[in-house]
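Enquirer: The following block contains the structure, expressed as structure tokens.
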Amino acid sequence: MKLSRGGLALSLVGSLLLSGCMEATLSPTTDAALTPRDKQLLARAPYAEAQIPEQFQRHIVDFSRQEQPGTIIVDTDARFLYYVLPDGKAVRYGVAVGEEAMAFSGVATVGKLAEWPDWVPTADIQARLGPYPKRVPGGPANPLGARAIYLYEGNKDTLYRIHGTNQPEYIGQAISSGCIRMTNTDVADLYNRVQMGSTVVVLPPGQSVASTNANIFARRS
């Protein structure tokens, strides 16, 4: 079968994406965003440090979508979160997603930022997974981890969060509950980059950043 020039390009890009050969550079600053308090609390974390697969470790990658620098893109299918940089680049983080994350898609804004936030379980979480205390103080045992980024639509809290985790072994997976979870070092890095009011785009199931990059590459060939 003879492929057209565009078809050959798309096939090549698809192969590169599957093999992990798209340009991606591991970020050398794995914990530069951590404060002395962070390091003190995480030194006493009540969980084992997980070995995160390399593909879900923090990378600087090529990025061909049209979102402006400073935008966050959540690719729930691929278990990646992107922070858009200038000049066609992005920081790519591995994440864990859950039912709440899969249920929300669309455009939101960053409406609140918090360090070592308290966790207030919703009535739904209490019914499904509780009982929990009405409020869990911030700290290394807290499910929200070191940072939380709260997503709003207008002035309304969506109850959707990007946050740290006390279960880093689930990064790169879809699990039964939770919003978008990142390692505590990664969420601290993202927290230091993001601004109040920043745009967050959550891609619906069936869409991915990788396929967008591939389609743009094919159209240019």
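Ordered as shown in the structure tokens, chains take letters A, B, and onward, while each chain numbers its residues from 1 and ligands are numbered from 1 in the order shown.
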Can you tell me which residues surround Val200 in chain A at a distance of at most 9 Å, considering only C-alpha atoms, apart from same-chain residues fewer than 6 positions away, and format the answer as a PDB file with N, CA, C and O atoms, in the first residue's frame?
Expert:
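So selection09.pdb came out as:
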```
ATOM      1  N   THR A  71      -0.866  28.675  30.085  1.00  0.00           N
ATOM      2  CA  THR A  71      -2.052  27.825  30.113  1.00  0.00           C
ATOM      3  C   THR A  71      -1.690  26.430  30.618  1.00  0.00           C
ATOM      4  O   THR A  71      -0.604  25.926  30.348  1.00  0.00           O
ATOM      5  N   ILE A  72      -2.610  25.813  31.347  1.00  0.00           N
ATOM      6  CA  ILE A  72      -2.479  24.423  31.771  1.00  0.00           C
ATOM      7  C   ILE A  72      -3.389  23.574  30.891  1.00  0.00           C
ATOM      8  O   ILE A  72      -4.560  23.910  30.684  1.00  0.00           O
ATOM      9  N   ILE A  73      -2.857  22.478  30.361  1.00  0.00           N
ATOM     10  CA  ILE A  73      -3.643  21.513  29.587  1.00  0.00           C
ATOM     11  C   ILE A  73      -3.611  20.188  30.336  1.00  0.00           C
ATOM     12  O   ILE A  73      -2.535  19.677  30.652  1.00  0.00           O
ATOM     13  N   VAL A  74      -4.774  19.625  30.619  1.00  0.00           N
ATOM     14  CA  VAL A  74      -4.858  18.323  31.279  1.00  0.00           C
ATOM     15  C   VAL A  74      -5.310  17.295  30.241  1.00  0.00           C
ATOM     16  O   VAL A  74      -6.390  17.409  29.679  1.00  0.00           O
ATOM     17  N   GLY A 106     -13.492  20.710  29.673  1.00  0.00           N
ATOM     18  CA  GLY A 106     -13.822  22.064  29.265  1.00  0.00           C
ATOM     19  C   GLY A 106     -12.761  23.037  29.723  1.00  0.00           C
ATOM     20  O   GLY A 106     -11.613  22.671  29.948  1.00  0.00           O
ATOM     21  N   VAL A 107     -13.156  24.293  29.866  1.00  0.00           N
ATOM     22  CA  VAL A 107     -12.229  25.367  30.194  1.00  0.00           C
ATOM     23  C   VAL A 107     -12.588  25.948  31.559  1.00  0.00           C
ATOM     24  O   VAL A 107     -13.754  26.242  31.830  1.00  0.00           O
ATOM     25  N   ALA A 108     -11.598  26.073  32.410  1.00  0.00           N
ATOM     26  CA  ALA A 108     -11.773  26.667  33.733  1.00  0.00           C
ATOM     27  C   ALA A 108     -10.653  27.677  33.952  1.00  0.00           C
ATOM     28  O   ALA A 108      -9.781  27.860  33.092  1.00  0.00           O
ATOM     29  N   THR A 109     -10.687  28.344  35.101  1.00  0.00           N
ATOM     30  CA  THR A 109      -9.608  29.247  35.474  1.00  0.00           C
ATOM     31  C   THR A 109      -9.136  28.899  36.882  1.00  0.00           C
ATOM     32  O   THR A 109      -9.853  28.275  37.662  1.00  0.00           O
ATOM     33  N   VAL A 110      -7.911  29.293  37.170  1.00  0.00           N
ATOM     34  CA  VAL A 110      -7.376  29.096  38.516  1.00  0.00           C
ATOM     35  C   VAL A 110      -8.008  30.137  39.431  1.00  0.00           C
ATOM     36  O   VAL A 110      -7.785  31.346  39.272  1.00  0.00           O
ATOM     37  N   LEU A 151      -9.966  24.937  40.653  1.00  0.00           N
ATOM     38  CA  LEU A 151     -10.477  25.363  39.353  1.00  0.00           C
ATOM     39  C   LEU A 151     -11.885  25.923  39.490  1.00  0.00           C
ATOM     40  O   LEU A 151     -12.758  25.324  40.114  1.00  0.00           O
TER      41      LEU A 151
END
```
Enquirer: Run DSSP on the backbone and tell me which residues of range 120-178 of chain A come out as alpha helix (DSSP H); list them as a list in words.
Expert: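 Residues of range 120-178 of chain A classed as alpha helix (DSSP H): Ala123, Asp124, Ile125, Gln126, Ala127, Arg128 and Leu129 of chain A.
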Enquirer: Using the selection just defined, write its residues with C-alpha atoms as a PDB file, in the first residue's frame.
Expert:
```pdb
ATOM      1  CA  ALA A 123     -20.690  14.540  50.944  1.00  0.00           C
ATOM      2  CA  ASP A 124     -20.212  12.238  47.948  1.00  0.00           C
ATOM      3  CA  ILE A 125     -16.726  11.197  49.064  1.00  0.00           C
ATOM      4  CA  GLN A 126     -17.988  10.643  52.613  1.00  0.00           C
ATOM      5  CA  ALA A 127     -20.772   8.408  51.255  1.00  0.00           C
ATOM      6  CA  ARG A 128     -18.528   6.402  48.928  1.00  0.00           C
ATOM      7  CA  LEU A 129     -15.222   6.216  50.783  1.00  0.00           C
TER       8      LEU A 129
END
```
Enquirer: Could you name the residues that touch Leu26 in chain A at 8 Å or less, counting only C-alpha atoms, but leaving out those on the same chain fewer than 3 positions away, as a list of chain:residue names?
Expert: A:Gln57, A:Arg58, A:His59, A:Ile60
